[in-house]
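Data file: target27.txt. Format and content: compact mmCIF, C-alpha atoms and all ligand atoms.
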```txt
# COMPACT_ATOMS: atom_id res chain seq x y z
CA MET A 1 0.00 0.00 0.00
CA LYS A 2 1.27 3.39 -1.02
CA ALA A 3 -0.06 6.79 0.04
CA ALA A 4 0.95 10.19 -1.27
CA ILE A 5 1.01 13.20 1.06
CA VAL A 6 -0.46 16.34 -0.51
CA GLY A 7 -1.33 19.84 0.62
CA LEU A 8 -0.32 23.47 0.38
CA PRO A 9 3.23 24.56 1.20
CA GLN A 10 4.06 25.11 4.89
CA VAL A 11 1.24 23.06 6.35
CA GLY A 12 3.38 20.39 8.00
CA LYS A 13 3.57 17.68 5.32
CA THR A 14 7.28 17.12 5.61
CA THR A 15 7.21 17.31 9.41
CA LEU A 16 4.59 14.56 9.41
CA PHE A 17 6.47 12.51 6.82
CA GLN A 18 9.67 12.68 8.86
CA MET A 19 7.93 11.58 12.02
CA LEU A 20 6.26 8.69 10.28
CA THR A 21 9.31 7.46 8.38
CA GLY A 22 12.26 8.77 10.36
CA LEU A 23 13.64 10.10 7.07
CA GLU A 24 14.78 13.54 6.10
CA ALA A 25 12.74 14.57 3.08
CA GLY A 26 14.58 16.06 0.13
CA ARG A 27 13.49 19.45 -1.15
CA ARG A 28 13.59 18.76 -4.87
CA GLU A 29 12.46 15.24 -5.60
CA ASP A 30 9.54 13.30 -4.25
CA THR A 31 10.81 11.40 -1.23
CA VAL A 32 9.66 7.86 -0.61
CA GLY A 33 9.75 6.41 2.87
CA ILE A 34 8.41 3.45 4.81
CA ALA A 35 6.33 4.35 7.83
CA LYS A 36 6.30 1.86 10.68
CA LEU A 37 2.77 1.93 11.99
CA PRO A 38 2.63 2.07 15.76
CA ASP A 39 0.23 -0.41 17.35
CA ALA A 40 -0.23 -0.70 21.11
CA ARG A 41 -1.52 -4.27 20.71
CA LEU A 42 1.75 -5.37 19.14
CA ASP A 43 3.71 -3.56 21.85
CA GLN A 44 1.83 -5.51 24.50
CA LEU A 45 2.43 -8.81 22.72
CA SER A 46 6.14 -8.01 22.61
CA ALA A 47 6.09 -7.17 26.31
CA LEU A 48 4.77 -10.70 26.91
CA PHE A 49 7.03 -12.63 24.54
CA HIS A 50 10.24 -10.58 24.73
CA PRO A 51 10.96 -11.52 21.12
CA ARG A 52 14.32 -11.08 19.40
CA LYS A 53 12.52 -9.10 16.71
CA HIS A 54 9.65 -6.62 16.97
CA THR A 55 8.22 -5.83 13.55
CA PRO A 56 5.37 -3.35 13.09
CA ALA A 57 3.27 -3.15 9.94
CA THR A 58 4.37 -0.61 7.36
CA LEU A 59 2.90 1.83 4.89
CA GLU A 60 4.82 3.38 1.99
CA LEU A 61 4.59 7.16 1.91
CA VAL A 62 5.59 9.73 -0.68
CA ASP A 63 6.30 13.32 0.29
CA LEU A 64 5.71 15.34 -2.86
CA ALA A 65 8.34 18.01 -3.40
CA ALA A 66 5.99 20.51 -5.03
CA LEU A 67 2.37 20.17 -5.90
CA THR A 68 0.88 23.21 -7.59
CA GLU A 69 -2.46 23.93 -9.14
CA ALA A 70 -0.72 24.17 -12.51
CA SER A 71 0.90 20.75 -12.14
CA LEU A 72 -2.50 19.28 -11.30
CA ARG A 73 -4.18 20.95 -14.25
CA GLU A 74 -1.48 20.00 -16.70
CA GLY A 75 -0.93 16.60 -15.19
CA THR A 76 2.83 17.05 -15.08
CA GLY A 77 5.07 15.96 -12.23
CA ILE A 78 2.28 14.13 -10.46
CA ALA A 79 3.18 10.54 -11.33
CA ALA A 80 3.71 9.74 -7.64
CA LEU A 81 0.27 11.08 -6.89
CA ARG A 82 -1.33 8.96 -9.59
CA ALA A 83 0.54 5.85 -8.47
CA GLY A 84 -0.66 6.15 -4.87
CA ASP A 85 -3.37 3.82 -3.52
CA ALA A 86 -4.59 6.70 -1.38
CA LEU A 87 -4.01 10.39 -0.75
CA ILE A 88 -3.28 12.04 2.57
CA HIS A 89 -4.24 15.71 2.50
CA VAL A 90 -2.52 17.64 5.27
CA LEU A 91 -4.35 20.83 6.23
CA ARG A 92 -2.97 23.66 8.23
CA GLY A 93 -4.88 24.40 11.40
CA PHE A 94 -2.04 25.84 13.48
CA GLN A 95 -1.45 29.56 13.81
CA ASP A 96 2.18 30.62 13.72
CA PRO A 97 3.18 34.06 12.44
CA SER A 98 6.72 32.80 11.84
CA VAL A 99 5.45 30.25 9.30
CA PRO A 100 3.88 32.08 6.35
CA HIS A 101 0.71 30.69 4.75
CA GLU A 102 0.35 30.86 0.99
CA ALA A 103 -3.13 32.39 1.23
CA GLY A 104 -2.22 34.77 4.03
CA THR A 105 -4.65 33.36 6.58
CA VAL A 106 -5.21 30.01 8.24
CA ASP A 107 -8.46 28.48 6.95
CA PRO A 108 -8.35 24.69 6.64
CA MET A 109 -11.83 24.34 5.10
CA ARG A 110 -10.95 26.80 2.33
CA ASP A 111 -7.75 24.84 1.61
CA LEU A 112 -9.61 21.53 1.72
CA GLN A 113 -12.23 22.66 -0.78
CA ARG A 114 -9.56 24.09 -3.03
CA LEU A 115 -7.59 20.89 -3.33
CA ASP A 116 -10.76 18.79 -3.66
CA PHE A 117 -11.70 21.08 -6.55
CA ASP A 118 -8.25 20.88 -8.16
CA LEU A 119 -8.36 17.08 -8.10
CA ILE A 120 -11.77 17.18 -9.79
CA ILE A 121 -10.54 19.60 -12.47
CA SER A 122 -7.49 17.43 -13.09
CA ASP A 123 -9.71 14.37 -13.63
CA LEU A 124 -12.16 16.32 -15.79
CA GLY A 125 -9.33 17.23 -18.16
CA GLN A 126 -8.38 13.57 -18.45
CA VAL A 127 -11.94 12.37 -18.91
CA GLU A 128 -12.59 14.92 -21.67
CA LYS A 129 -9.42 14.00 -23.50
CA ARG A 130 -10.21 10.30 -23.40
CA LEU A 131 -13.85 10.86 -24.32
CA GLU A 132 -12.83 12.80 -27.41
CA ARG A 133 -10.56 9.95 -28.50
CA VAL A 134 -13.19 7.27 -27.85
CA THR A 135 -15.92 9.24 -29.64
CA LYS A 136 -13.69 9.62 -32.68
CA ASP A 137 -12.91 5.89 -32.74
CA LEU A 138 -16.58 5.01 -32.36
CA LYS A 139 -17.39 6.99 -35.50
CA LYS A 140 -14.95 4.81 -37.43
CA GLN A 141 -16.05 1.46 -36.04
CA ARG A 142 -18.75 0.00 -33.86
CA ASN A 143 -17.27 -1.57 -30.78
CA ALA A 144 -19.32 -2.64 -27.77
CA LEU A 145 -16.51 -2.21 -25.28
CA LEU A 146 -15.69 1.29 -26.52
CA ALA A 147 -19.36 2.24 -26.43
CA GLU A 148 -19.51 1.07 -22.84
CA GLU A 149 -16.46 3.13 -21.99
CA ALA A 150 -17.92 6.21 -23.68
CA ALA A 151 -21.12 5.89 -21.65
CA LEU A 152 -19.12 5.57 -18.43
CA LEU A 153 -16.93 8.55 -19.33
CA GLU A 154 -20.06 10.63 -19.98
CA ARG A 155 -21.34 9.75 -16.53
CA MET A 156 -17.99 10.63 -15.00
CA LYS A 157 -17.91 13.92 -16.85
CA ALA A 158 -21.33 14.83 -15.47
CA GLN A 159 -20.20 13.87 -11.97
CA LEU A 160 -17.07 16.02 -12.21
CA GLU A 161 -18.91 18.94 -13.79
CA SER A 162 -21.23 18.99 -10.80
CA GLU A 163 -18.03 19.28 -8.70
CA GLN A 164 -18.41 15.82 -7.18
CA PRO A 165 -15.40 13.50 -6.84
CA LEU A 166 -15.33 10.20 -8.71
CA ARG A 167 -14.95 8.26 -5.46
CA ALA A 168 -18.56 9.15 -4.65
CA MET A 169 -19.81 7.39 -7.80
CA ALA A 170 -21.24 3.91 -7.52
CA LEU A 171 -19.43 1.74 -10.07
CA THR A 172 -19.93 -1.89 -10.98
CA PRO A 173 -16.82 -4.08 -10.69
CA ALA A 174 -16.58 -4.05 -14.50
CA GLU A 175 -16.69 -0.25 -14.59
CA GLU A 176 -14.20 -0.09 -11.76
CA LYS A 177 -11.84 -2.19 -13.84
CA LEU A 178 -12.36 0.02 -16.87
CA THR A 179 -11.32 3.14 -14.94
CA ARG A 180 -8.37 1.68 -13.06
CA GLY A 181 -5.78 2.41 -15.71
CA PHE A 182 -6.54 6.14 -15.62
CA GLN A 183 -5.51 6.49 -11.97
CA PHE A 184 -8.05 9.27 -11.46
CA LEU A 185 -7.10 11.44 -8.48
CA SER A 186 -10.59 12.19 -7.18
CA GLN A 187 -11.31 8.47 -7.23
CA LYS A 188 -8.61 7.62 -4.70
CA PRO A 189 -9.45 7.13 -1.04
CA LEU A 190 -8.61 10.35 0.77
CA LEU A 191 -7.56 10.94 4.36
CA TYR A 192 -7.82 14.52 5.60
CA VAL A 193 -5.29 15.32 8.32
CA LEU A 194 -5.87 18.52 10.26
CA ASN A 195 -2.60 19.73 11.76
CA VAL A 196 -3.57 21.86 14.75
CA GLY A 197 -1.60 23.97 17.18
CA GLU A 198 -0.66 22.84 20.69
CA GLU A 199 -3.39 24.97 22.23
CA GLU A 200 -6.00 22.75 20.54
CA ALA A 201 -4.40 19.47 21.63
CA ALA A 202 -6.57 19.09 24.74
CA ASP A 203 -9.70 18.85 22.59
CA MET A 204 -8.66 17.24 19.34
CA ASP A 205 -12.04 15.60 18.84
CA GLY A 206 -13.62 19.02 18.53
CA ALA A 207 -11.02 20.45 16.14
CA TRP A 208 -12.87 19.70 12.90
CA ARG A 209 -16.05 21.21 14.28
CA ARG A 210 -14.19 24.35 15.36
CA ALA A 211 -12.72 24.59 11.87
CA GLY A 212 -16.25 24.42 10.42
CA GLY A 213 -15.84 20.91 9.07
CA ALA A 214 -17.80 18.63 11.40
CA ALA A 215 -18.77 16.40 8.45
CA VAL A 216 -15.28 16.05 6.98
CA GLY A 217 -14.35 12.42 6.48
CA THR A 218 -17.90 11.07 6.49
CA ALA A 219 -18.27 10.84 2.69
CA PRO A 220 -17.58 7.44 1.12
CA GLN A 221 -13.90 6.52 0.88
CA THR A 222 -12.78 9.46 2.97
CA GLY A 223 -11.47 9.69 6.50
CA ALA A 224 -10.43 12.46 8.87
CA VAL A 225 -7.95 12.71 11.69
CA VAL A 226 -6.47 15.47 13.84
CA VAL A 227 -2.81 15.65 14.80
CA CYS A 228 -0.44 18.21 16.22
CA ALA A 229 2.76 17.73 14.27
CA LYS A 230 4.71 19.83 16.72
CA ILE A 231 3.77 17.62 19.68
CA GLU A 232 4.44 14.51 17.60
CA ALA A 233 7.90 15.80 16.70
CA GLU A 234 8.65 16.33 20.40
CA ILE A 235 7.38 12.85 21.28
CA ALA A 236 9.62 11.36 18.62
CA SER A 237 12.64 12.86 20.36
CA LEU A 238 11.70 11.44 23.80
CA PRO A 239 12.47 8.04 25.28
CA ALA A 240 9.35 5.83 25.24
CA GLU A 241 8.82 6.00 29.02
CA ASP A 242 8.66 9.81 28.96
CA ALA A 243 6.41 9.97 25.91
CA ALA A 244 3.30 8.76 27.75
CA ALA A 245 3.71 11.34 30.50
CA PHE A 246 4.32 14.02 27.90
CA LEU A 247 1.09 13.07 26.10
CA GLN A 248 -0.84 13.09 29.36
CA GLY A 249 0.44 16.59 29.98
CA TYR A 250 -1.61 17.59 26.96
CA GLY A 251 -4.57 15.48 28.03
CA LEU A 252 -3.88 12.98 25.23
CA LYS A 253 -4.23 9.22 25.58
CA GLU A 254 -2.26 8.19 22.52
CA SER A 255 0.00 9.65 19.89
CA GLY A 256 -1.33 11.17 16.69
CA LEU A 257 0.60 8.59 14.73
CA ILE A 258 -1.50 5.81 16.21
CA ARG A 259 -4.70 7.67 15.33
CA LEU A 260 -3.36 8.35 11.85
CA ALA A 261 -2.44 4.70 11.30
CA ARG A 262 -5.86 3.57 12.50
CA ALA A 263 -7.66 6.06 10.25
CA ALA A 264 -5.56 5.02 7.23
CA TYR A 265 -6.41 1.35 7.86
CA ALA A 266 -10.10 2.05 8.18
CA LEU A 267 -10.03 4.15 5.01
CA LEU A 268 -8.29 1.49 2.99
CA GLY A 269 -10.37 -1.36 4.40
CA LEU A 270 -7.36 -2.97 6.03
CA ILE A 271 -6.99 -4.94 9.23
CA SER A 272 -4.00 -6.16 11.24
CA PHE A 273 -3.28 -9.65 12.34
CA PHE A 274 -0.32 -10.76 14.41
CA THR A 275 2.20 -13.53 14.67
CA ALA A 276 3.73 -13.79 18.12
CA GLY A 277 6.52 -15.86 19.59
CA GLU A 278 9.96 -15.65 21.15
CA ASP A 279 11.57 -15.19 17.75
CA GLU A 280 9.43 -12.37 16.49
CA CYS A 281 6.28 -10.45 17.27
CA ARG A 282 4.95 -8.98 14.08
CA ALA A 283 1.94 -7.09 12.75
CA TRP A 284 0.76 -7.89 9.24
CA THR A 285 -1.62 -6.05 6.98
CA LEU A 286 -4.58 -7.72 5.34
CA THR A 287 -7.62 -6.61 3.37
CA GLN A 288 -10.80 -6.88 5.41
CA GLY A 289 -12.68 -10.08 4.64
CA SER A 290 -9.58 -12.09 3.73
CA ARG A 291 -9.34 -15.78 4.57
CA ALA A 292 -6.82 -17.56 6.78
CA VAL A 293 -5.07 -18.97 3.72
CA ASP A 294 -4.68 -15.40 2.35
CA ALA A 295 -3.14 -14.35 5.65
CA ALA A 296 -0.74 -17.29 5.41
CA GLY A 297 0.19 -16.10 1.92
CA VAL A 298 1.00 -12.63 3.24
CA ILE A 299 3.51 -14.22 5.62
CA HIS A 300 4.99 -16.49 2.96
CA SER A 301 3.70 -17.99 -0.29
CA ASP A 302 4.82 -21.46 0.85
CA LEU A 303 2.63 -21.19 3.94
CA ALA A 304 -0.41 -20.67 1.73
CA LYS A 305 0.55 -23.55 -0.54
CA HIS A 306 1.04 -26.04 2.28
CA PHE A 307 -1.61 -24.63 4.60
CA ILE A 308 -3.17 -27.22 6.90
CA ARG A 309 -4.92 -25.06 9.49
CA ALA A 310 -4.41 -22.00 11.62
CA GLU A 311 -4.47 -21.73 15.38
CA VAL A 312 -6.24 -18.50 16.17
CA ILE A 313 -6.78 -16.42 19.29
CA ARG A 314 -7.59 -12.76 19.83
CA TRP A 315 -4.58 -10.70 20.88
CA ASP A 316 -6.14 -9.57 24.19
CA GLU A 317 -7.27 -13.07 25.09
CA LEU A 318 -3.74 -14.36 24.51
CA LEU A 319 -2.40 -11.61 26.76
CA ALA A 320 -4.93 -12.35 29.49
CA LEU A 321 -4.05 -16.06 29.42
CA GLY A 322 -0.36 -15.24 29.55
CA GLY A 323 0.93 -17.15 26.54
CA GLU A 324 0.35 -19.75 23.88
CA ALA A 325 1.01 -22.77 26.11
CA ALA A 326 -1.60 -21.66 28.64
CA ALA A 327 -4.03 -20.86 25.85
CA ARG A 328 -3.60 -24.32 24.33
CA GLU A 329 -3.94 -26.03 27.71
CA LYS A 330 -7.21 -24.22 28.33
CA GLY A 331 -8.39 -25.12 24.84
CA ARG A 332 -8.63 -21.49 23.83
CA LEU A 333 -6.61 -21.76 20.62
CA ARG A 334 -9.24 -22.16 17.94
CA LEU A 335 -8.43 -24.42 15.02
CA GLU A 336 -9.54 -22.74 11.82
CA GLY A 337 -9.47 -23.89 8.20
CA LYS A 338 -8.49 -22.13 4.98
CA ASP A 339 -11.76 -20.25 4.66
CA TYR A 340 -11.83 -18.71 8.13
CA ILE A 341 -12.29 -14.93 7.78
CA VAL A 342 -9.43 -13.32 9.68
CA GLN A 343 -10.52 -10.65 12.20
CA ASP A 344 -8.67 -7.50 13.15
CA GLY A 345 -6.48 -8.32 16.15
CA ASP A 346 -6.29 -12.08 15.59
CA VAL A 347 -3.03 -13.82 16.48
CA LEU A 348 -2.36 -16.57 13.97
CA HIS A 349 -0.16 -19.60 14.10
CA VAL A 350 -0.20 -21.29 10.71
CA ARG A 351 0.26 -25.07 10.72
CA HIS A 352 1.61 -26.30 7.41
CA GLY A 353 2.86 -29.44 5.75
CA GLY A 354 5.67 -29.86 3.23
N1 LIG B 1 3.76 25.98 15.26
C1 LIG B 1 3.74 24.88 14.49
N2 LIG B 1 4.59 24.80 13.46
C2 LIG B 1 4.55 23.71 12.68
C3 LIG B 1 3.64 22.65 12.91
N3 LIG B 1 3.84 21.70 11.96
C4 LIG B 1 4.80 22.19 11.15
N4 LIG B 1 5.25 23.38 11.58
C5 LIG B 1 6.29 24.23 11.00
O1 LIG B 1 5.86 24.70 9.73
C6 LIG B 1 6.95 24.80 8.82
C7 LIG B 1 6.62 24.05 7.56
O2 LIG B 1 6.54 22.67 7.86
P1 LIG B 1 6.80 21.56 6.75
O3 LIG B 1 6.55 20.26 7.40
O4 LIG B 1 8.10 21.76 6.09
O5 LIG B 1 5.62 21.92 5.74
P2 LIG B 1 5.38 21.43 4.23
O6 LIG B 1 5.77 22.56 3.37
O7 LIG B 1 3.92 21.18 4.18
O8 LIG B 1 6.18 20.19 3.99
C8 LIG B 1 8.15 24.22 9.55
O9 LIG B 1 8.91 25.31 10.03
C9 LIG B 1 7.55 23.44 10.70
O10 LIG B 1 8.40 23.41 11.82
C10 LIG B 1 2.76 22.75 14.04
O11 LIG B 1 1.94 21.86 14.34
N5 LIG B 1 2.85 23.88 14.79
MG MG B 2 7.55 19.77 2.44
```
Let's see the structure in the file written out as structure tokens.
Amino acid sequence: MKAAIVGLPQVGKTTLFQMLTGLEAGRREDTVGIAKLPDARLDQLSALFHPRKHTPATLELVDLAALTEASLREGTGIAALRAGDALIHVLRGFQDPSVPHEAGTVDPMRDLQRLDFDLIISDLGQVEKRLERVTKDLKKQRNALLAEEAALLERMKAQLESEQPLRAMALTPAEEKLTRGFQFLSQKPLLYVLNVGEEEAADMDGAWRRAGGAAVGTAPQTGAVVVCAKIEAEIASLPAEDAAAFLQGYGLKESGLIRLARAAYALLGLISFFTAGEDECRAWTLTQGSRAVDAAGVIHSDLAKHFIRAEVIRWDELLALGGEAAAREKGRLRLEGKDYIVQDGDVLHVRHGG
């Protein structure tokens, strides 16, 4: 999974990228980094097993060097944006006279609507270009598939002209497939991240409402989260045992990175499952609704091929019982077959032959 970070200059994109990936972002080129997604459940499993290796799930992120309205309209220099599975739109909510804002004032809802609009305009340009081509070809020859595409493009054009994103359109799986190659920007799942100042940290839940965007993130395939990049940057520089106290000082229960990771998973329809033992405690990423044999395949293709069954227990039940041996003794390890639908938070032990 790959997500591209977008937004106006000086809103905190690079700060967020650095905290998530631990990388310094370059100024000129798009910077790609792997974010380790924090997960308190995995931390607790590791505290029980004391494994040699502790491996969180990851998400690939791209920090775009420069995204302008012109580049969106002309479609140049936005390959990384098109290639992303999702977009993360960072919005400036913090006031800081020492950090200039492109528009002069801080107004996250204005910025949000502007980028939403730019994505729609970018797609409209593409749709019109393709529609012209297809219409011309249809005049030369009758072709059922092309006619189908033309009809779909007309519908998309109408959607975009009414300033609605493509992600809000209901498409059949066949139509979905037809559009995939275009990598339309307003069709991608979109996570809005409001970067607020420290003075708002105590009531993050109310931040969207205060910004006039109580409904942000409720539309299909969108999500919303509030972070304070400045606090996150300070947490990142603290030893783990001080971080919790630091957060509490702001009235926060968990770091913004955890909330961000959770929101990204929900947006993309992903869940986590775990493998836990003395060797390694690890979080893995899986599409919601996947089967046990798919989960095995995520770990290793051989495990899927030679899958016999999986021993499954919820992470918190395993913790409460104090380990796998105790869980087995009490008969709490469930034996599941290939078709078992893996649940978020399951700990799996795949039994395999061969
Ligand atoms: N006061 C304050 N400053 C921030 C915050 N987040 C980022 N900044 C500052 O804003 C400036 C621009 O941040 P940067 O991450 O480079 O923004 P980008 O242009 O969107 O990549 C930097 O000087 C950051 O230190 C924040 O939450 N509060
Ligand atoms: Mg930047």
What is the atom CA of A:Leu42-atom CA of A:Asn195 distance in Å, reported with one decimal?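 Between atom CA of A:Leu42 and atom CA of A:Asn195 the gap is 26.5 Å.
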Name the residues, by chain letter and number, that sit within 6 Å of ligand LIG 1 (chain B) using all atoms listed in the file, and give them as a ChimeraX atom specification. /A:9-15,94,96,99,195-197,228-230
Within 12 Å of (-11.8, 2.8, -16.4), in the coordinates the file gives, what residues turn up when you count all atoms listed in the file, written out as a PyMOL selection string? chain A and resi 126-127+130-131+145-146+148-156+166+171-184+187
Option closest in space to A:Ala283, from A:His300, A:His54, A:Lys2, A:His89 [counting all atoms listed in the file]: A:His54
Expected answer as a PDB file with C-alpha atoms, in the frame of the given file: residues within 12 Å of ligand MG 2 (chain B), only C-alpha atoms and all ligand atoms:
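Produced file part-v8.pdb, reproduced below:
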```pdb
ATOM      1  CA  ILE A   5       1.010  13.200   1.060  1.00  0.00           C
ATOM      2  CA  VAL A   6      -0.460  16.340  -0.510  1.00  0.00           C
ATOM      3  CA  GLY A   7      -1.330  19.840   0.620  1.00  0.00           C
ATOM      4  CA  LEU A   8      -0.320  23.470   0.380  1.00  0.00           C
ATOM      5  CA  PRO A   9       3.230  24.560   1.200  1.00  0.00           C
ATOM      6  CA  GLN A  10       4.060  25.110   4.890  1.00  0.00           C
ATOM      7  CA  VAL A  11       1.240  23.060   6.350  1.00  0.00           C
ATOM      8  CA  GLY A  12       3.380  20.390   8.000  1.00  0.00           C
ATOM      9  CA  LYS A  13       3.570  17.680   5.320  1.00  0.00           C
ATOM     10  CA  THR A  14       7.280  17.120   5.610  1.00  0.00           C
ATOM     11  CA  THR A  15       7.210  17.310   9.410  1.00  0.00           C
ATOM     12  CA  LEU A  16       4.590  14.560   9.410  1.00  0.00           C
ATOM     13  CA  PHE A  17       6.470  12.510   6.820  1.00  0.00           C
ATOM     14  CA  GLN A  18       9.670  12.680   8.860  1.00  0.00           C
ATOM     15  CA  GLU A  24      14.780  13.540   6.100  1.00  0.00           C
ATOM     16  CA  ALA A  25      12.740  14.570   3.080  1.00  0.00           C
ATOM     17  CA  GLY A  26      14.580  16.060   0.130  1.00  0.00           C
ATOM     18  CA  ARG A  27      13.490  19.450  -1.150  1.00  0.00           C
ATOM     19  CA  ARG A  28      13.590  18.760  -4.870  1.00  0.00           C
ATOM     20  CA  GLU A  29      12.460  15.240  -5.600  1.00  0.00           C
ATOM     21  CA  ASP A  30       9.540  13.300  -4.250  1.00  0.00           C
ATOM     22  CA  THR A  31      10.810  11.400  -1.230  1.00  0.00           C
ATOM     23  CA  VAL A  62       5.590   9.730  -0.680  1.00  0.00           C
ATOM     24  CA  ASP A  63       6.300  13.320   0.290  1.00  0.00           C
ATOM     25  CA  LEU A  64       5.710  15.340  -2.860  1.00  0.00           C
ATOM     26  CA  ALA A  65       8.340  18.010  -3.400  1.00  0.00           C
ATOM     27  CA  ALA A  66       5.990  20.510  -5.030  1.00  0.00           C
ATOM     28  CA  LEU A  67       2.370  20.170  -5.900  1.00  0.00           C
ATOM     29  CA  VAL A  90      -2.520  17.640   5.270  1.00  0.00           C
TER      30      VAL A  90
END
```
Just the residues within 12 Å of A:Glu234, please, counting only C-alpha atoms, with nothing from its chain fewer than 5 positions along; format it as a ChimeraX atom specification. /A:15-16,19,198,228-229,239-240,242-244,246-247,255-256
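The closest residue to A:Asp85, picked from A:Lys188, A:Lys253, A:Arg210, A:Arg314 and counting all atoms listed in the file, is A:Lys188.
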Neighbour list for stretch 303-311 of chain A as a ChimeraX atom specification, cut-off 12 Å, only C-alpha atoms, skip fewer than 6 positions in-chain: /A:274-276,291-297,318,324,327-328,331-342,346-354
One decimal place gives the atom CA of A:Ile121-atom CA of A:Lys157 separation as 10.3 Å
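Closest approach to A:Ile313 from the set A:Leu112, A:Ala326, A:Leu190, A:Ala47 is made by A:Ala326, with distances taken over all atoms listed in the file.
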Atom pair atom CA of A:Arg209 / atom CA of A:Met109: separation (Å):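 Computed distance, atom CA of A:Arg209 to atom CA of A:Met109, equals 10.6 Å.
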Between A:Ala219, A:Leu191, A:Ala103, A:Ala147, which one has atoms that come closest to A:Ala266, using only C-alpha atoms?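 Once distances to A:Ala266 are computed over only C-alpha atoms, the minimum belongs to A:Leu191.
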Can you patch up stretch 200-217 of chain A, filling it in to N, CA and C atoms, and show the result as a PDB file, in the coordinates of the input?
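After the write, out-v8.pdb holds the following:
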```pdb
ATOM      1  N   GLU A 200      -4.779  23.515  20.842  1.00  0.00           N
ATOM      2  CA  GLU A 200      -6.000  22.750  20.540  1.00  0.00           C
ATOM      3  C   GLU A 200      -5.879  21.277  20.937  1.00  0.00           C
ATOM      4  N   ALA A 201      -4.678  20.891  21.391  1.00  0.00           N
ATOM      5  CA  ALA A 201      -4.400  19.470  21.630  1.00  0.00           C
ATOM      6  C   ALA A 201      -5.354  18.852  22.652  1.00  0.00           C
ATOM      7  N   ALA A 202      -5.747  19.636  23.666  1.00  0.00           N
ATOM      8  CA  ALA A 202      -6.570  19.090  24.740  1.00  0.00           C
ATOM      9  C   ALA A 202      -7.950  18.661  24.232  1.00  0.00           C
ATOM     10  N   ASP A 203      -8.410  19.256  23.138  1.00  0.00           N
ATOM     11  CA  ASP A 203      -9.700  18.850  22.590  1.00  0.00           C
ATOM     12  C   ASP A 203      -9.588  18.613  21.091  1.00  0.00           C
ATOM     13  N   MET A 204      -8.870  17.555  20.741  1.00  0.00           N
ATOM     14  CA  MET A 204      -8.660  17.240  19.340  1.00  0.00           C
ATOM     15  C   MET A 204      -9.964  16.811  18.663  1.00  0.00           C
ATOM     16  N   ASP A 205     -10.794  16.098  19.436  1.00  0.00           N
ATOM     17  CA  ASP A 205     -12.040  15.600  18.840  1.00  0.00           C
ATOM     18  C   ASP A 205     -12.913  16.733  18.321  1.00  0.00           C
ATOM     19  N   GLY A 206     -12.778  17.908  18.934  1.00  0.00           N
ATOM     20  CA  GLY A 206     -13.620  19.020  18.530  1.00  0.00           C
ATOM     21  C   GLY A 206     -12.985  19.907  17.459  1.00  0.00           C
ATOM     22  N   ALA A 207     -11.782  19.548  17.028  1.00  0.00           N
ATOM     23  CA  ALA A 207     -11.020  20.450  16.140  1.00  0.00           C
ATOM     24  C   ALA A 207     -11.683  20.637  14.777  1.00  0.00           C
ATOM     25  N   TRP A 208     -12.222  19.562  14.206  1.00  0.00           N
ATOM     26  CA  TRP A 208     -12.870  19.700  12.900  1.00  0.00           C
ATOM     27  C   TRP A 208     -14.097  20.599  13.002  1.00  0.00           C
ATOM     28  N   ARG A 209     -14.856  20.394  14.082  1.00  0.00           N
ATOM     29  CA  ARG A 209     -16.050  21.210  14.280  1.00  0.00           C
ATOM     30  C   ARG A 209     -15.658  22.690  14.407  1.00  0.00           C
ATOM     31  N   ARG A 210     -14.631  22.954  15.192  1.00  0.00           N
ATOM     32  CA  ARG A 210     -14.190  24.350  15.360  1.00  0.00           C
ATOM     33  C   ARG A 210     -13.732  24.955  14.041  1.00  0.00           C
ATOM     34  N   ALA A 211     -13.181  24.089  13.172  1.00  0.00           N
ATOM     35  CA  ALA A 211     -12.720  24.590  11.870  1.00  0.00           C
ATOM     36  C   ALA A 211     -13.875  24.702  10.875  1.00  0.00           C
ATOM     37  N   GLY A 212     -15.085  24.328  11.301  1.00  0.00           N
ATOM     38  CA  GLY A 212     -16.250  24.420  10.420  1.00  0.00           C
ATOM     39  C   GLY A 212     -16.389  23.206   9.517  1.00  0.00           C
ATOM     40  N   GLY A 213     -15.791  22.087   9.924  1.00  0.00           N
ATOM     41  CA  GLY A 213     -15.840  20.910   9.070  1.00  0.00           C
ATOM     42  C   GLY A 213     -16.258  19.655   9.820  1.00  0.00           C
ATOM     43  N   ALA A 214     -17.351  19.762  10.588  1.00  0.00           N
ATOM     44  CA  ALA A 214     -17.800  18.630  11.400  1.00  0.00           C
ATOM     45  C   ALA A 214     -18.052  17.383  10.566  1.00  0.00           C
ATOM     46  N   ALA A 215     -18.416  17.556   9.281  1.00  0.00           N
ATOM     47  CA  ALA A 215     -18.770  16.400   8.450  1.00  0.00           C
ATOM     48  C   ALA A 215     -17.598  15.883   7.621  1.00  0.00           C
ATOM     49  N   VAL A 216     -16.428  16.488   7.779  1.00  0.00           N
ATOM     50  CA  VAL A 216     -15.280  16.050   6.980  1.00  0.00           C
ATOM     51  C   VAL A 216     -14.933  14.599   7.317  1.00  0.00           C
ATOM     52  N   GLY A 217     -14.744  13.810   6.268  1.00  0.00           N
ATOM     53  CA  GLY A 217     -14.350  12.420   6.480  1.00  0.00           C
ATOM     54  C   GLY A 217     -15.520  11.462   6.570  1.00  0.00           C
TER      55      GLY A 217
END
```
